[in-house]
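Before any comments, here is the structure.
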Amino acid sequence: MKQTIKIDNLEALPQAVNKFIDLMGDYTVFAFHGEMGAGKTTFIRELARQLGVDEDLAVNSPSFSLINEYRSDSSAQLIYHFDLYRLENIEEAVDIGVEDYLESGALCLIEWPDVIDPLLPLDTVDVILSVNSADNSRIITIDDHEND
């Protein structure tokens, strides 16, 4: 299944995330792709908020810690937010235990996942955020590779 969601502006983000949640199904690993500034962290912040993560936790890019852990107040769901931008190679990912996180059954939201591509489960959902330069809107393409 390949789906797209258009986000015209920041005010439309909550509705777009709500649509995304409807498409998540039972998948647990989501690999977020997009250029710097495409809105990956902003999207994940709103996603975490709608999934019940306390807004006071200020979901931000875990650039310095690489992985942040959150728990939903409403469902106690465990959520891992990865920012792998600074990883040099797959060995660094193995050293910090990325495989354990991916196999935990918890929701894993991964920014800059390319460095760990060989470690990603086969049912990883790719989420591509692209910027429309004409109007600065965002297009989100969700691909669960179901028919690949």
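By order in the structure tokens, chains are A, B, ...; within a chain, residues start at 1; ligands start at 1, following the order shown.
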
Find the residues near Val115 of chain A: any atom within 10 Å, counting only C-alpha atoms, skip ones fewer than 3 places away on the same chain, and give them as a PyMOL selection string. chain A and resi 84-93+112+118-120

Name all residues at most 7 Å from Gln3 of chain A (count only C-alpha atoms; drop same-chain ones fewer than 4 positions away) and give them as a list in words.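 Non-adjacent residues within range: Thr141, Ile142 and Asp143 of chain A.
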
Extract the full set of alpha helix (DSSP H) residues from chain A according to DSSP on the backbone, and format it as number ranges by chain. A: 13-24, 40-50, 90-95, 98-102

Export of prior selection with C-alpha atoms as a tab-separated table (two decimals), in the first residue's frame:
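The result, stored in again_12.tsv:
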```tsv
chain	number	residue	atom	x	y	z
A	13	LEU	CA	-0.55	19.11	10.74
A	14	PRO	CA	-2.89	17.67	13.42
A	15	GLN	CA	-5.38	16.47	10.78
A	16	ALA	CA	-2.58	14.97	8.69
A	17	VAL	CA	-1.16	13.12	11.69
A	18	ASN	CA	-4.64	11.85	12.51
A	19	LYS	CA	-4.87	10.39	8.99
A	20	PHE	CA	-1.43	8.87	9.43
A	21	ILE	CA	-2.49	7.21	12.69
A	22	ASP	CA	-5.46	5.68	10.87
A	23	LEU	CA	-2.99	4.12	8.38
A	24	MET	CA	-0.50	2.81	10.95
A	40	LYS	CA	10.38	14.91	10.21
A	41	THR	CA	10.80	15.95	13.86
A	42	THR	CA	7.78	18.26	13.74
A	43	PHE	CA	5.65	15.45	12.36
A	44	ILE	CA	6.92	12.96	14.95
A	45	ARG	CA	6.33	15.50	17.76
A	46	GLU	CA	2.67	15.84	16.74
A	47	LEU	CA	2.36	12.07	16.27
A	48	ALA	CA	3.66	11.45	19.78
A	49	ARG	CA	1.29	14.08	21.17
A	50	GLN	CA	-1.71	12.47	19.49
A	90	ILE	CA	26.07	0.39	11.05
A	91	GLU	CA	28.53	-0.86	13.67
A	92	GLU	CA	27.77	2.18	15.83
A	93	ALA	CA	24.07	1.31	15.63
A	94	VAL	CA	24.76	-2.27	16.68
A	95	ASP	CA	26.91	-1.01	19.57
A	98	VAL	CA	19.41	-0.63	17.86
A	99	GLU	CA	18.40	-4.19	17.00
A	100	ASP	CA	16.99	-4.71	20.49
A	101	TYR	CA	14.81	-1.61	20.13
A	102	LEU	CA	13.59	-2.68	16.69
```

Between A:Glu111, A:Glu103, A:Asp144, A:Asp8, which is the closest to Thr124 of chain A once you count only C-alpha atoms?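 Using only C-alpha atoms, Thr124 of chain A sits closest to A:Asp144.
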
Which one is closest to Pro121 of chain A: A:Tyr27, A:Phe32, A:Tyr70, A:Phe82? Count only C-alpha atoms. A:Tyr27

In terms of the shortest atom-to-atom distance over only C-alpha atoms, which of A:Met36, A:Thr28, A:Gly97, A:Ser137 is closest to Gln77 of chain A?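 That would be A:Thr28, the residue with the smallest distance to Gln77 of chain A.
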
At what distance in Å, to one decimal, does atom CA of Asp83 of chain A lie from atom CA of Gly39 of chain A?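 Spanning atom CA of Gly39 of chain A to atom CA of Asp83 of chain A is a straight-line distance of 13.0 Å.
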
Between atom CA of Ile5 of chain A and atom CA of Ile140 of chain A, measure the distance and give it in Å to one decimal. 5.1 Å

As a PDB file with N, CA and C atoms, in the first residue's frame, please: every residue in segment 84-131 of chain A that a backbone DSSP assignment puts in strand (DSSP E or B).
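To be explicit, this is the file written out as part29.pdb:
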```
ATOM      1  N   LEU A 107       6.752   0.953  19.515  1.00  0.00           N
ATOM      2  CA  LEU A 107       6.692   1.816  18.343  1.00  0.00           C
ATOM      3  C   LEU A 107       8.044   2.493  18.158  1.00  0.00           C
ATOM      4  N   CYS A 108       8.641   2.326  16.992  1.00  0.00           N
ATOM      5  CA  CYS A 108       9.954   2.917  16.677  1.00  0.00           C
ATOM      6  C   CYS A 108       9.792   3.901  15.525  1.00  0.00           C
ATOM      7  N   LEU A 109      10.122   5.163  15.787  1.00  0.00           N
ATOM      8  CA  LEU A 109      10.041   6.236  14.803  1.00  0.00           C
ATOM      9  C   LEU A 109      11.471   6.687  14.522  1.00  0.00           C
ATOM     10  N   ILE A 110      11.953   6.442  13.311  1.00  0.00           N
ATOM     11  CA  ILE A 110      13.375   6.589  13.020  1.00  0.00           C
ATOM     12  C   ILE A 110      13.621   7.671  11.974  1.00  0.00           C
ATOM     13  N   GLU A 111      14.347   8.717  12.381  1.00  0.00           N
ATOM     14  CA  GLU A 111      14.801   9.727  11.434  1.00  0.00           C
ATOM     15  C   GLU A 111      16.184   9.331  10.932  1.00  0.00           C
ATOM     16  N   VAL A 125       7.822   0.401   7.675  1.00  0.00           N
ATOM     17  CA  VAL A 125       7.063   1.306   6.816  1.00  0.00           C
ATOM     18  C   VAL A 125       7.930   2.526   6.528  1.00  0.00           C
ATOM     19  N   ASP A 126       8.127   2.816   5.247  1.00  0.00           N
ATOM     20  CA  ASP A 126       8.865   4.014   4.857  1.00  0.00           C
ATOM     21  C   ASP A 126       7.901   5.192   4.804  1.00  0.00           C
ATOM     22  N   VAL A 127       8.330   6.297   5.418  1.00  0.00           N
ATOM     23  CA  VAL A 127       7.543   7.523   5.436  1.00  0.00           C
ATOM     24  C   VAL A 127       8.440   8.597   4.830  1.00  0.00           C
ATOM     25  N   ILE A 128       8.070   9.065   3.640  1.00  0.00           N
ATOM     26  CA  ILE A 128       8.900  10.044   2.931  1.00  0.00           C
ATOM     27  C   ILE A 128       8.225  11.405   3.015  1.00  0.00           C
ATOM     28  N   LEU A 129       8.943  12.376   3.591  1.00  0.00           N
ATOM     29  CA  LEU A 129       8.438  13.740   3.667  1.00  0.00           C
ATOM     30  C   LEU A 129       9.153  14.557   2.609  1.00  0.00           C
ATOM     31  N   SER A 130       8.395  15.194   1.755  1.00  0.00           N
ATOM     32  CA  SER A 130       8.988  16.050   0.732  1.00  0.00           C
ATOM     33  C   SER A 130       8.343  17.425   0.785  1.00  0.00           C
ATOM     34  N   VAL A 131       9.129  18.423   0.390  1.00  0.00           N
ATOM     35  CA  VAL A 131       8.696  19.817   0.435  1.00  0.00           C
ATOM     36  C   VAL A 131       8.326  20.251  -0.976  1.00  0.00           C
TER      37      VAL A 131
END
```

What is the atom CA of Ile116 of chain A-atom CA of His33 of chain A distance in Å, reported with one decimal? 12.6 Å
